[in-house]
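Taking it in order: structure first as structure tokens, then the write-up.
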Amino acid sequence: MLDLLDHSLRSSPERPAVLGASRTGRTRVRATRGELAELADAYASSLYARGLRPGDTVGVAVRPGPRALAVLLALWRLGLRGAVLDPGAGPDVLRARLASVRPSLVLADAAAQAVAGWARPLAARARLALPPLHELGPVATVGRRLPGCAPALGRAGALVPAFDHGDGDAVIVFTSGTTSRPRAVVHTRSGLAAGMSTVAALFRARPGEPVVGGTFFVLVPSLAQGAPVALPARSPKVLARQLRRLRPQGTYLTPPQLRDALNAGARFTGRVWTGSAPAGAELLGRTRAAGAAEAWGVYALTELFPAAAVESRDKAAYEGAGDLVGAPLPGVEVRTEDGQLLLSGPAARNRYLGEDPDPWVRTGDRAHLDASGRIVLEGRCKDMVLRRAENIYPGLYEPSLHVPGVELAVLVGVPAGDGDERLVAVVQPRPGHDEARLRAALAGPLRRMGSARPDALVFADVPLSGRSRKPDRAATSRLAAERLGTAGLAGVRP
């Protein structure tokens with residue numbers, strides 16, 4: 001797919017590739033296809049001139065956009081392994097992660113270097129932090145260089161020879177783990193290509209019509225199919241204006257982005273996709289009501305993207321327990337082991353760094369297959385709540401709490417002080433919705449939960465965390481405990 005993109009960019013260099021938006025939502029071209037190809041050529045030449053060769057590791061701390069995409073293309077051409085540096089992970093975790101893959105070079109834009117340097121106190125307020133990058137390896141600046149930044153990557157003009165890279169490592173993405181034992185997902189070139197091909201078949205972008213999305217798994221397949229990609233505006237109000245002006249054929253947003261856009265009055269066109277965090281039937285239904293021809297939830301993991309997908313109407317029609325995430329996509333194999341969902345396929349990660357290759361990905365999700373072979377999630381294995389010797393899996397019951405007017409709802413365990421836990425439903429109302437009416441609307445779903453009925457109901461904003469802004473269950477549990485107090489949980493019914 002990346003080879004196809006490289007060829008596609010050069011075949012129509014004058015056409016727009018990456019789009020942005022002004023505060024009014026007006027479209028501006030951030031890079032044409034030819035400019036993107038030239039930038040990738042310049043980066044590849046400079047990296048080769050610095051002595052980097054196939055198999056070397058390059059740390060990447062560059063914001064999504066034309067430069068980050070050009071860096072990916074350059075690394076791919078040279079057979080280099082990119083290690084993605086997440087400023088939301090914290091400096092201690094990043095140091096531990098990079099210790100196992102000491103990079104030959106760290107590529108960082110001025111913003112990343114500011115987070116690691118003079119802007120560290122300001123960035124900390126946004127929960128962003130990077131260690132001093134020079135501690136990780138030599139640093140080069142990608143893009144505009146500001147005072148105090150490392151030397152620019154520059155344009156070397158060196159001739160890059162053709163390499164036969166085979167199926168070497170392509171990218172490392174750090175995921176779970178601790179500072180003492182960080183976990184790094186390693187994707188090979190064939191696995192990365194397979195994942196992008198699956199996305200291309202799923203999205204089916206039409207040439208010349210814009211797509212909205214900011215991830216590489218949206219940018220690369222869409223551009224390869226001839227569609228320009230607009231990076232979604234950060235402000236929900238500006239994003240709503242951007243969507244109104246662009247009228248994209250397809251839009252990919254995370255569930256928090258989608259909720260914020262809907263609350264800002266966004267209207268959609270074409271197909272809308274959301275994933276990387278739970279997306280209930282109510283959220284997908286709101287998206288279709290806001291104009292989308294189709295609204296899809298995508299089930300994906302860092303280890304395998306994408307794995308399954310479900311359209312809003314199928315999700316709304318599902319009446320069983322648990323969260324229907326759809327049929328496995330072509331090439332994805334599924335099995336369960338002691339209730340845990342295992343996945344395999346061409347797009348699956350090759351291995352975790354420092355471990356042997358394993359074709360099966362242990363998702364950490366409890367799941368079963370319905371009569372049609374579709375995946376139904378029952379919750380995270382580690383999120384099980386033990387109450388009065390009964391195992392309760394929140395994922396089985398949380399979908400029923402997403403009644404109209406509910407933005408987000410999670411079930412968490414709160415220590416009861418006697419070695420037991422109490423189950424609390426934490427519900428985040430949509431703006432403008434009355435809590436008393438929501439309590440009445442939730443009465444029926446809560447009664448139907450039987451022995452898994454929560455001990456208490458709390459209305460509050462659900463804390464989010466991580467790159468994909470998933471519900472932070474540990475923080476939500478602490479919030480519930482603070483609101484109710486351990487004594488206040490005894491015998492309480494919502």
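Each chain of the structure tokens is named A, B, ... in the order shown, its residues numbered from 1; ligands are numbered from 1 in display order.
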
Non-local contacts of range 312-322 of chain A (10 Å; only C-alpha atoms; under 3 positions in same chain excluded) as a tab-separated table (two decimals) with all heavy atoms, in the first residue's frame:
chain	number	residue	atom	x	y	z
A	279	ALA	N	-18.00	2.52	21.16
A	279	ALA	CA	-19.00	3.34	20.46
A	279	ALA	C	-20.32	2.59	20.50
A	279	ALA	O	-20.48	1.58	19.82
A	279	ALA	CB	-18.56	3.62	19.03
A	280	GLY	N	-21.25	3.06	21.30
A	280	GLY	CA	-22.51	2.38	21.47
A	280	GLY	C	-23.49	2.64	20.34
A	280	GLY	O	-23.28	3.51	19.49
A	281	ALA	N	-24.58	1.89	20.35
A	281	ALA	CA	-25.60	2.04	19.32
A	281	ALA	C	-26.21	3.44	19.35
A	281	ALA	O	-26.57	3.99	18.31
A	281	ALA	CB	-26.70	0.99	19.53
A	282	GLU	N	-26.32	4.03	20.54
A	282	GLU	CA	-26.92	5.36	20.65
A	282	GLU	C	-26.06	6.41	19.95
A	282	GLU	O	-26.56	7.27	19.22
A	282	GLU	CB	-27.11	5.72	22.12
A	282	GLU	CG	-28.16	6.80	22.37
A	282	GLU	CD	-27.56	8.19	22.45
A	282	GLU	OE1	-26.34	8.29	22.61
A	282	GLU	OE2	-28.33	9.17	22.33
A	283	LEU	N	-24.73	6.33	20.12
A	283	LEU	CA	-23.82	7.27	19.46
A	283	LEU	C	-23.88	7.10	17.95
A	283	LEU	O	-23.96	8.09	17.20
A	283	LEU	CB	-22.40	7.07	19.97
A	283	LEU	CG	-21.31	7.92	19.31
A	283	LEU	CD1	-21.58	9.40	19.53
A	283	LEU	CD2	-19.93	7.54	19.83
A	284	LEU	N	-23.87	5.87	17.47
A	284	LEU	CA	-23.94	5.63	16.03
A	284	LEU	C	-25.30	6.08	15.48
A	284	LEU	O	-25.38	6.63	14.37
A	284	LEU	CB	-23.71	4.15	15.72
A	284	LEU	CG	-22.32	3.59	16.10
A	284	LEU	CD1	-22.24	2.11	15.75
A	284	LEU	CD2	-21.21	4.36	15.41
A	285	GLY	N	-26.36	5.87	16.24
A	285	GLY	CA	-27.67	6.31	15.80
A	285	GLY	C	-27.76	7.83	15.72
A	285	GLY	O	-28.36	8.36	14.78
A	286	ARG	N	-27.18	8.52	16.67
A	286	ARG	CA	-27.14	9.99	16.62
A	286	ARG	C	-26.40	10.47	15.37
A	286	ARG	O	-26.76	11.47	14.75
A	286	ARG	CB	-26.45	10.56	17.85
A	286	ARG	CG	-27.23	10.50	19.14
A	286	ARG	CD	-26.41	11.02	20.30
A	286	ARG	NE	-26.03	12.42	20.12
A	286	ARG	CZ	-25.08	13.04	20.80
A	286	ARG	NH1	-24.35	12.35	21.70
A	286	ARG	NH2	-24.82	14.31	20.59
A	287	THR	N	-25.35	9.73	15.01
A	287	THR	CA	-24.55	10.11	13.84
A	287	THR	C	-25.37	9.98	12.56
A	287	THR	O	-25.33	10.86	11.70
A	287	THR	CB	-23.28	9.24	13.77
A	287	THR	OG1	-22.55	9.37	14.99
A	287	THR	CG2	-22.40	9.66	12.61
A	288	ARG	N	-26.12	8.90	12.45
A	288	ARG	CA	-26.99	8.75	11.27
A	288	ARG	C	-28.09	9.81	11.28
A	288	ARG	O	-28.45	10.36	10.23
A	288	ARG	CB	-27.60	7.35	11.24
A	288	ARG	CG	-26.63	6.29	10.72
A	288	ARG	CD	-27.33	4.99	10.38
A	288	ARG	NE	-28.33	5.21	9.35
A	288	ARG	CZ	-29.63	4.92	9.49
A	288	ARG	NH1	-30.08	4.44	10.63
A	288	ARG	NH2	-30.46	5.12	8.51
A	294	GLU	N	-24.31	6.12	6.49
A	294	GLU	CA	-24.00	4.94	7.28
A	294	GLU	C	-23.11	5.38	8.43
A	294	GLU	O	-22.30	6.30	8.28
A	294	GLU	CB	-23.27	3.87	6.46
A	294	GLU	CG	-24.06	3.31	5.29
A	294	GLU	CD	-23.23	2.34	4.45
A	294	GLU	OE1	-22.05	2.11	4.80
A	294	GLU	OE2	-23.75	1.83	3.46
A	295	ALA	N	-23.24	4.73	9.57
A	295	ALA	CA	-22.37	5.00	10.72
A	295	ALA	C	-21.82	3.67	11.21
A	295	ALA	O	-22.58	2.78	11.59
A	295	ALA	CB	-23.14	5.71	11.82
A	296	TRP	N	-20.50	3.54	11.18
A	296	TRP	CA	-19.84	2.27	11.47
A	296	TRP	C	-18.99	2.36	12.73
A	296	TRP	O	-18.26	3.32	12.93
A	296	TRP	CB	-18.93	1.86	10.31
A	296	TRP	CG	-19.64	1.43	9.07
A	296	TRP	CD1	-20.20	2.22	8.12
A	296	TRP	CD2	-19.88	0.08	8.65
A	296	TRP	NE1	-20.77	1.47	7.12
A	296	TRP	CE2	-20.59	0.15	7.42
A	296	TRP	CE3	-19.57	-1.16	9.18
A	296	TRP	CZ2	-20.98	-1.00	6.74
A	296	TRP	CZ3	-19.96	-2.31	8.49
A	296	TRP	CH2	-20.65	-2.22	7.28
A	297	GLY	N	-19.09	1.33	13.56
A	297	GLY	CA	-18.16	1.16	14.66
A	297	GLY	C	-17.10	0.16	14.24
A	297	GLY	O	-17.41	-0.90	13.70
A	309	ALA	N	-16.14	-4.83	12.12
A	309	ALA	CA	-16.90	-3.58	11.96
A	309	ALA	C	-18.38	-3.89	11.95
A	309	ALA	O	-18.81	-4.96	11.51
A	309	ALA	CB	-16.49	-2.86	10.67
A	325	VAL	N	-19.74	-6.01	18.07
A	325	VAL	CA	-18.76	-5.22	17.33
A	325	VAL	C	-18.63	-5.68	15.88
A	325	VAL	O	-17.86	-5.10	15.11
A	325	VAL	CB	-17.37	-5.21	18.01
A	325	VAL	CG1	-17.45	-4.52	19.36
A	325	VAL	CG2	-16.81	-6.62	18.15
A	326	GLY	N	-19.40	-6.70	15.49
A	326	GLY	CA	-19.48	-7.04	14.08
A	326	GLY	C	-18.78	-8.32	13.68
A	326	GLY	O	-18.15	-9.01	14.48
A	366	ARG	N	-13.12	-10.29	27.00
A	366	ARG	CA	-14.01	-11.45	27.05
A	366	ARG	C	-15.01	-11.30	25.91
A	366	ARG	O	-15.50	-10.21	25.64
A	366	ARG	CB	-14.75	-11.53	28.38
A	366	ARG	CG	-13.88	-11.96	29.55
A	366	ARG	CD	-14.73	-12.13	30.80
A	366	ARG	NE	-15.81	-13.08	30.59
A	366	ARG	CZ	-15.69	-14.40	30.72
A	366	ARG	NH1	-14.53	-14.93	31.05
A	366	ARG	NH2	-16.73	-15.20	30.53
A	367	ALA	N	-15.31	-12.42	25.23
A	367	ALA	CA	-16.21	-12.32	24.08
A	367	ALA	C	-16.78	-13.68	23.74
A	367	ALA	O	-16.29	-14.72	24.19
A	367	ALA	CB	-15.46	-11.76	22.87
A	368	HIS	N	-17.83	-13.65	22.91
A	368	HIS	CA	-18.35	-14.87	22.30
A	368	HIS	C	-18.82	-14.53	20.89
A	368	HIS	O	-18.93	-13.34	20.54
A	368	HIS	CB	-19.50	-15.47	23.13
A	368	HIS	CG	-20.75	-14.63	23.11
A	368	HIS	ND1	-20.98	-13.62	24.04
A	368	HIS	CD2	-21.85	-14.63	22.30
A	368	HIS	CE1	-22.15	-13.05	23.80
A	368	HIS	NE2	-22.69	-13.64	22.74
A	370	ASP	N	-21.87	-14.79	18.12
A	370	ASP	CA	-23.31	-15.07	18.07
A	370	ASP	C	-23.60	-16.09	16.97
A	370	ASP	O	-22.69	-16.61	16.32
A	370	ASP	CB	-24.11	-13.77	17.90
A	370	ASP	CG	-23.99	-13.16	16.51
A	370	ASP	OD1	-23.26	-13.71	15.65
A	370	ASP	OD2	-24.62	-12.12	16.27
A	375	ILE	N	-18.73	-11.02	16.42
A	375	ILE	CA	-18.06	-10.90	17.71
A	375	ILE	C	-18.91	-10.05	18.65
A	375	ILE	O	-19.33	-8.94	18.30
A	375	ILE	CB	-16.67	-10.27	17.56
A	375	ILE	CG1	-15.78	-11.12	16.64
A	375	ILE	CG2	-15.99	-10.10	18.91
A	375	ILE	CD1	-14.45	-10.46	16.27
A	376	VAL	N	-19.15	-10.58	19.85
A	376	VAL	CA	-19.87	-9.85	20.89
A	376	VAL	C	-18.96	-9.75	22.10
A	376	VAL	O	-18.56	-10.78	22.69
A	376	VAL	CB	-21.18	-10.56	21.27
A	376	VAL	CG1	-21.91	-9.75	22.36
A	376	VAL	CG2	-22.07	-10.74	20.06
A	377	LEU	N	-18.58	-8.53	22.47
A	377	LEU	CA	-17.70	-8.34	23.62
A	377	LEU	C	-18.49	-8.39	24.92
A	377	LEU	O	-19.62	-7.91	25.00
A	377	LEU	CB	-16.98	-6.99	23.52
A	377	LEU	CG	-16.09	-6.76	22.30
A	377	LEU	CD1	-15.38	-5.41	22.41
A	377	LEU	CD2	-15.07	-7.87	22.14
A	378	GLU	N	-17.85	-8.95	25.95
A	378	GLU	CA	-18.46	-9.06	27.27
A	378	GLU	C	-17.73	-8.23	28.30
A	378	GLU	O	-18.09	-8.24	29.48
A	378	GLU	CB	-18.48	-10.52	27.70
A	378	GLU	CG	-19.25	-11.43	26.74
A	378	GLU	CD	-19.14	-12.89	27.11
A	378	GLU	OE1	-18.36	-13.20	28.03
A	378	GLU	OE2	-19.83	-13.71	26.49
A	379	GLY	N	-16.70	-7.51	27.89
A	379	GLY	CA	-15.93	-6.68	28.83
A	379	GLY	C	-14.47	-7.10	28.86
A	379	GLY	O	-14.08	-8.15	28.34
A	393	TYR	N	-18.98	-8.87	34.70
A	393	TYR	CA	-18.21	-8.30	33.60
A	393	TYR	C	-18.95	-7.08	33.05
A	393	TYR	O	-20.01	-7.20	32.43
A	393	TYR	CB	-17.98	-9.34	32.50
A	393	TYR	CG	-17.06	-10.45	32.96
A	393	TYR	CD1	-17.57	-11.63	33.48
A	393	TYR	CD2	-15.68	-10.29	32.91
A	393	TYR	CE1	-16.73	-12.63	33.94
A	393	TYR	CE2	-14.83	-11.29	33.37
A	393	TYR	CZ	-15.36	-12.46	33.87
A	393	TYR	OH	-14.52	-13.45	34.34
A	394	PRO	N	-18.42	-5.87	33.29
A	394	PRO	CA	-19.13	-4.63	32.93
A	394	PRO	C	-19.56	-4.58	31.47
A	394	PRO	O	-20.63	-4.05	31.16
A	394	PRO	CB	-18.11	-3.53	33.26
A	394	PRO	CG	-17.28	-4.12	34.36
A	394	PRO	CD	-17.16	-5.57	34.01
A	395	GLY	N	-18.74	-5.10	30.56
A	395	GLY	CA	-19.05	-4.99	29.14
A	395	GLY	C	-20.34	-5.68	28.74
A	395	GLY	O	-20.90	-5.38	27.68
A	396	LEU	N	-20.82	-6.60	29.55
A	396	LEU	CA	-22.08	-7.27	29.25
A	396	LEU	C	-23.27	-6.33	29.43
A	396	LEU	O	-24.31	-6.48	28.80
A	396	LEU	CB	-22.27	-8.49	30.16
A	396	LEU	CG	-21.60	-9.80	29.73
A	396	LEU	CD1	-21.72	-10.83	30.84
A	396	LEU	CD2	-22.22	-10.33	28.45
A	397	TYR	N	-23.12	-5.36	30.33
A	397	TYR	CA	-24.26	-4.55	30.75
A	397	TYR	C	-24.17	-3.07	30.35
A	397	TYR	O	-25.19	-2.40	30.28
A	397	TYR	CB	-24.41	-4.64	32.28
A	397	TYR	CG	-24.49	-6.06	32.77
A	397	TYR	CD1	-23.38	-6.71	33.30
A	397	TYR	CD2	-25.68	-6.78	32.67
A	397	TYR	CE1	-23.44	-8.02	33.73
A	397	TYR	CE2	-25.76	-8.10	33.10
A	397	TYR	CZ	-24.63	-8.72	33.62
A	397	TYR	OH	-24.71	-10.03	34.03
A	398	GLU	N	-22.98	-2.59	30.09
A	398	GLU	CA	-22.83	-1.16	29.78
A	398	GLU	C	-23.62	-0.70	28.56
A	398	GLU	O	-24.17	0.40	28.57
A	398	GLU	CB	-21.34	-0.81	29.62
A	398	GLU	CG	-20.59	-0.78	30.94
A	398	GLU	CD	-19.09	-0.64	30.78
A	398	GLU	OE1	-18.58	-0.82	29.65
A	398	GLU	OE2	-18.42	-0.39	31.79
A	399	PRO	N	-23.72	-1.50	27.48
A	399	PRO	CA	-24.50	-1.03	26.33
A	399	PRO	C	-25.94	-0.66	26.69
A	399	PRO	O	-26.50	0.27	26.11
A	399	PRO	CB	-24.43	-2.21	25.36
A	399	PRO	CG	-23.15	-2.90	25.68
A	399	PRO	CD	-23.03	-2.77	27.18
A	400	SER	N	-26.55	-1.37	27.66
A	400	SER	CA	-27.94	-1.10	28.00
A	400	SER	C	-28.11	0.24	28.71
A	400	SER	O	-29.23	0.76	28.80
A	400	SER	CB	-28.50	-2.23	28.87
A	400	SER	OG	-27.85	-2.26	30.13
A	449	MET	N	-30.93	-5.74	34.76
A	449	MET	CA	-29.58	-6.25	34.98
A	449	MET	C	-29.55	-7.35	36.04
A	449	MET	O	-28.51	-7.98	36.26
A	449	MET	CB	-28.64	-5.10	35.35
A	449	MET	CG	-28.37	-4.18	34.17
A	449	MET	SD	-27.51	-2.64	34.60
A	449	MET	CE	-25.92	-3.26	35.12

Taking only C-alpha atoms into account, produce a table as a tab-separated table in which each residue of range 367-410 of chain A with an atom at most 12 Å from an atom of range 256-262 of chain A appears once, together with its shortest atom pair and the distance in Å to one decimal, ordered by chain and rising number.
residue	atom	partner	partner_atom	distance
A:Gly405	CA	A:Arg259	CA	11.8
A:Val406	CA	A:Arg259	CA	10.8
A:Glu407	CA	A:Arg259	CA	7.4
A:Leu408	CA	A:Arg259	CA	9.4

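Nearest to Val426 in chain A of all the residues A:Arg483, A:Arg335, A:Lys470, A:Arg26 is A:Arg483, based on only C-alpha atoms.
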
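Picture a line from CA of Glu14 in chain A to CA of Ala201 in chain A; it runs 25.8 Å.
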
task: Compare A:Gly117, A:Gly137, A:Pro306, A:Gly413 by their minimum atom-to-atom distance to Arg473 in chain A, counting only C-alpha atoms, and give me the closest one.
output: A:Gly413

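Distances here use only C-alpha atoms; by that measure, the residue among A:Gly59, A:Gly168, A:Gly291, A:Pro236 closest to Ala264 in chain A is A:Pro236.
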
- prompt: Any idea what's packed within 10 Å of Ala150 in chain A, counting only C-alpha atoms, ignoring anything in its chain fewer than 4 positions away? Could you give it as a ChimeraX atom specification?
  reply: /A:107-110,113,133-134,138-142,145-146

statement: Using only C-alpha atoms, the best pick from A:Val186, A:Leu223, A:Leu464, A:Val414 as closest to Ala481 in chain A would be A:Val414

task: Please identify all polymer residues within 10 Å of Val412 in chain A, counting only C-alpha atoms, omitting same-chain residues fewer than 6 positions from it, and present them as number ranges by chain.
output: A: 383-385, 392-394, 421-426, 454, 473-478, 480

Would you save the residues of that selection, restricted to C-alpha atoms, as a PDB file, in the first residue's frame?
ATOM      1  CA  ASP A 383     -12.170  -5.178  34.516  1.00  0.00           C
ATOM      2  CA  MET A 384     -14.131  -7.935  36.209  1.00  0.00           C
ATOM      3  CA  VAL A 385     -15.836  -6.794  39.412  1.00  0.00           C
ATOM      4  CA  ILE A 392     -19.540  -9.312  37.015  1.00  0.00           C
ATOM      5  CA  TYR A 393     -18.206  -8.296  33.597  1.00  0.00           C
ATOM      6  CA  PRO A 394     -19.131  -4.634  32.929  1.00  0.00           C
ATOM      7  CA  GLU A 421     -16.316  -4.542  45.860  1.00  0.00           C
ATOM      8  CA  ARG A 422     -19.427  -2.543  45.179  1.00  0.00           C
ATOM      9  CA  LEU A 423     -20.625  -1.964  41.635  1.00  0.00           C
ATOM     10  CA  VAL A 424     -21.242   1.655  40.598  1.00  0.00           C
ATOM     11  CA  ALA A 425     -22.713   2.972  37.339  1.00  0.00           C
ATOM     12  CA  VAL A 426     -21.067   6.265  36.381  1.00  0.00           C
ATOM     13  CA  PRO A 454     -25.327  -1.555  40.457  1.00  0.00           C
ATOM     14  CA  ARG A 473     -11.711   2.899  34.718  1.00  0.00           C
ATOM     15  CA  ALA A 474      -9.237   3.311  37.551  1.00  0.00           C
ATOM     16  CA  ALA A 475      -9.826   7.073  37.623  1.00  0.00           C
ATOM     17  CA  THR A 476     -13.601   6.523  37.313  1.00  0.00           C
ATOM     18  CA  SER A 477     -13.515   4.133  40.277  1.00  0.00           C
ATOM     19  CA  ARG A 478     -11.681   6.741  42.357  1.00  0.00           C
ATOM     20  CA  ALA A 480     -17.110   7.157  42.316  1.00  0.00           C
TER      21      ALA A 480
END

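For the residues A:Arg469, A:Pro404, A:Ala409, A:Ala116, ranking by smallest atom-to-atom distance to Leu438 in chain A using only C-alpha atoms places A:Pro404 first.
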
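Looking only at range 246-368 of chain A, the set that DSSP places in alpha helix (DSSP H) from backbone geometry is Leu246, Pro255, Pro256, Gln257, Leu258, Arg259, Asp260, Ala261, Leu262, Asn263, Ala281, Glu282, Leu283, Leu284, Gly285, Arg286, Thr287, Arg288, Ala289, Ser312, Arg313, Asp314, Lys315, Ala316 and Ala317 of chain A.
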
Those same residues - N, CA and C atoms - I'd like them written as a PDB file, in the first residue's frame.
ATOM      1  N   LEU A 246     -16.888  20.895   3.513  1.00  0.00           N
ATOM      2  CA  LEU A 246     -16.264  19.826   2.719  1.00  0.00           C
ATOM      3  C   LEU A 246     -17.269  18.823   2.160  1.00  0.00           C
ATOM      4  N   PRO A 255     -14.505   8.128  19.105  1.00  0.00           N
ATOM      5  CA  PRO A 255     -15.778   8.404  19.772  1.00  0.00           C
ATOM      6  C   PRO A 255     -15.819   9.740  20.522  1.00  0.00           C
ATOM      7  N   PRO A 256     -14.759  10.142  21.265  1.00  0.00           N
ATOM      8  CA  PRO A 256     -14.827  11.463  21.902  1.00  0.00           C
ATOM      9  C   PRO A 256     -14.930  12.598  20.882  1.00  0.00           C
ATOM     10  N   GLN A 257     -14.176  12.509  19.781  1.00  0.00           N
ATOM     11  CA  GLN A 257     -14.286  13.532  18.727  1.00  0.00           C
ATOM     12  C   GLN A 257     -15.698  13.561  18.157  1.00  0.00           C
ATOM     13  N   LEU A 258     -16.263  12.381  17.942  1.00  0.00           N
ATOM     14  CA  LEU A 258     -17.594  12.292  17.356  1.00  0.00           C
ATOM     15  C   LEU A 258     -18.643  12.883  18.292  1.00  0.00           C
ATOM     16  N   ARG A 259     -18.550  12.551  19.575  1.00  0.00           N
ATOM     17  CA  ARG A 259     -19.507  13.108  20.541  1.00  0.00           C
ATOM     18  C   ARG A 259     -19.401  14.629  20.592  1.00  0.00           C
ATOM     19  N   ASP A 260     -18.163  15.142  20.640  1.00  0.00           N
ATOM     20  CA  ASP A 260     -17.974  16.593  20.709  1.00  0.00           C
ATOM     21  C   ASP A 260     -18.512  17.277  19.450  1.00  0.00           C
ATOM     22  N   ALA A 261     -18.277  16.661  18.283  1.00  0.00           N
ATOM     23  CA  ALA A 261     -18.760  17.242  17.027  1.00  0.00           C
ATOM     24  C   ALA A 261     -20.289  17.272  17.004  1.00  0.00           C
ATOM     25  N   LEU A 262     -20.925  16.199  17.448  1.00  0.00           N
ATOM     26  CA  LEU A 262     -22.389  16.158  17.485  1.00  0.00           C
ATOM     27  C   LEU A 262     -22.940  17.215  18.441  1.00  0.00           C
ATOM     28  N   ASN A 263     -22.284  17.378  19.583  1.00  0.00           N
ATOM     29  CA  ASN A 263     -22.735  18.379  20.545  1.00  0.00           C
ATOM     30  C   ASN A 263     -22.539  19.803  20.024  1.00  0.00           C
ATOM     31  N   ALA A 281     -24.580   1.892  20.353  1.00  0.00           N
ATOM     32  CA  ALA A 281     -25.605   2.042  19.325  1.00  0.00           C
ATOM     33  C   ALA A 281     -26.210   3.444  19.353  1.00  0.00           C
ATOM     34  N   GLU A 282     -26.316   4.033  20.542  1.00  0.00           N
ATOM     35  CA  GLU A 282     -26.919   5.364  20.651  1.00  0.00           C
ATOM     36  C   GLU A 282     -26.055   6.408  19.946  1.00  0.00           C
ATOM     37  N   LEU A 283     -24.730   6.328  20.123  1.00  0.00           N
ATOM     38  CA  LEU A 283     -23.822   7.274  19.465  1.00  0.00           C
ATOM     39  C   LEU A 283     -23.881   7.102  17.950  1.00  0.00           C
ATOM     40  N   LEU A 284     -23.869   5.866  17.468  1.00  0.00           N
ATOM     41  CA  LEU A 284     -23.942   5.632  16.030  1.00  0.00           C
ATOM     42  C   LEU A 284     -25.297   6.080  15.476  1.00  0.00           C
ATOM     43  N   GLY A 285     -26.355   5.865  16.242  1.00  0.00           N
ATOM     44  CA  GLY A 285     -27.670   6.312  15.804  1.00  0.00           C
ATOM     45  C   GLY A 285     -27.765   7.826  15.715  1.00  0.00           C
ATOM     46  N   ARG A 286     -27.180   8.519  16.672  1.00  0.00           N
ATOM     47  CA  ARG A 286     -27.141   9.993  16.620  1.00  0.00           C
ATOM     48  C   ARG A 286     -26.399  10.467  15.371  1.00  0.00           C
ATOM     49  N   THR A 287     -25.350   9.728  15.008  1.00  0.00           N
ATOM     50  CA  THR A 287     -24.549  10.111  13.842  1.00  0.00           C
ATOM     51  C   THR A 287     -25.367   9.980  12.559  1.00  0.00           C
ATOM     52  N   ARG A 288     -26.122   8.902  12.450  1.00  0.00           N
ATOM     53  CA  ARG A 288     -26.992   8.753  11.274  1.00  0.00           C
ATOM     54  C   ARG A 288     -28.090   9.805  11.277  1.00  0.00           C
ATOM     55  N   ALA A 289     -28.628  10.118  12.445  1.00  0.00           N
ATOM     56  CA  ALA A 289     -29.661  11.149  12.531  1.00  0.00           C
ATOM     57  C   ALA A 289     -29.112  12.512  12.138  1.00  0.00           C
ATOM     58  N   SER A 312     -24.556   0.906  12.173  1.00  0.00           N
ATOM     59  CA  SER A 312     -25.436   1.334  13.266  1.00  0.00           C
ATOM     60  C   SER A 312     -26.745   0.559  13.313  1.00  0.00           C
ATOM     61  N   ARG A 313     -27.335   0.263  12.156  1.00  0.00           N
ATOM     62  CA  ARG A 313     -28.633  -0.418  12.158  1.00  0.00           C
ATOM     63  C   ARG A 313     -28.518  -1.847  12.685  1.00  0.00           C
ATOM     64  N   ASP A 314     -27.424  -2.531  12.334  1.00  0.00           N
ATOM     65  CA  ASP A 314     -27.216  -3.879  12.867  1.00  0.00           C
ATOM     66  C   ASP A 314     -26.971  -3.831  14.373  1.00  0.00           C
ATOM     67  N   LYS A 315     -26.227  -2.820  14.811  1.00  0.00           N
ATOM     68  CA  LYS A 315     -25.926  -2.716  16.237  1.00  0.00           C
ATOM     69  C   LYS A 315     -27.200  -2.413  17.024  1.00  0.00           C
ATOM     70  N   ALA A 316     -28.042  -1.524  16.495  1.00  0.00           N
ATOM     71  CA  ALA A 316     -29.282  -1.164  17.176  1.00  0.00           C
ATOM     72  C   ALA A 316     -30.247  -2.345  17.243  1.00  0.00           C
ATOM     73  N   ALA A 317     -30.194  -3.223  16.238  1.00  0.00           N
ATOM     74  CA  ALA A 317     -31.121  -4.352  16.193  1.00  0.00           C
ATOM     75  C   ALA A 317     -30.699  -5.498  17.113  1.00  0.00           C
TER      76      ALA A 317
END

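Neighbours of Pro359 in chain A closer than or equal to 12 Å, with only C-alpha atoms counted and sequence neighbours fewer than 2 positions away skipped, come out as His187, Gly191, Glu303, Leu304, Val332, Glu333, Val334, Leu342, Leu343, Ser344, Gly345, Pro346, Ala347, Ala348, Arg349, Asn350, Arg351, Tyr352, Asp356, Pro357, Val361 and Arg362 of chain A.
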
task: Grab the CA of Met1 in chain A to CA of Phe163 in chain A distance for me, in Å with one decimal place.
output: 17.1 Å

message: I want to know what sits within 7 Å of range 210-214 of chain A, based on only C-alpha atoms, with residues of the same chain fewer than 2 positions away left out; could you give that as a PyMOL selection string?
response: chain A and resi 64+208+216+218-219+227-232+248-253

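With only C-alpha atoms as the atoms that count, the residue of A:Ala452, A:Ala194, A:Ala184, A:Leu341 with the shortest distance to Asn391 in chain A is A:Ala452.
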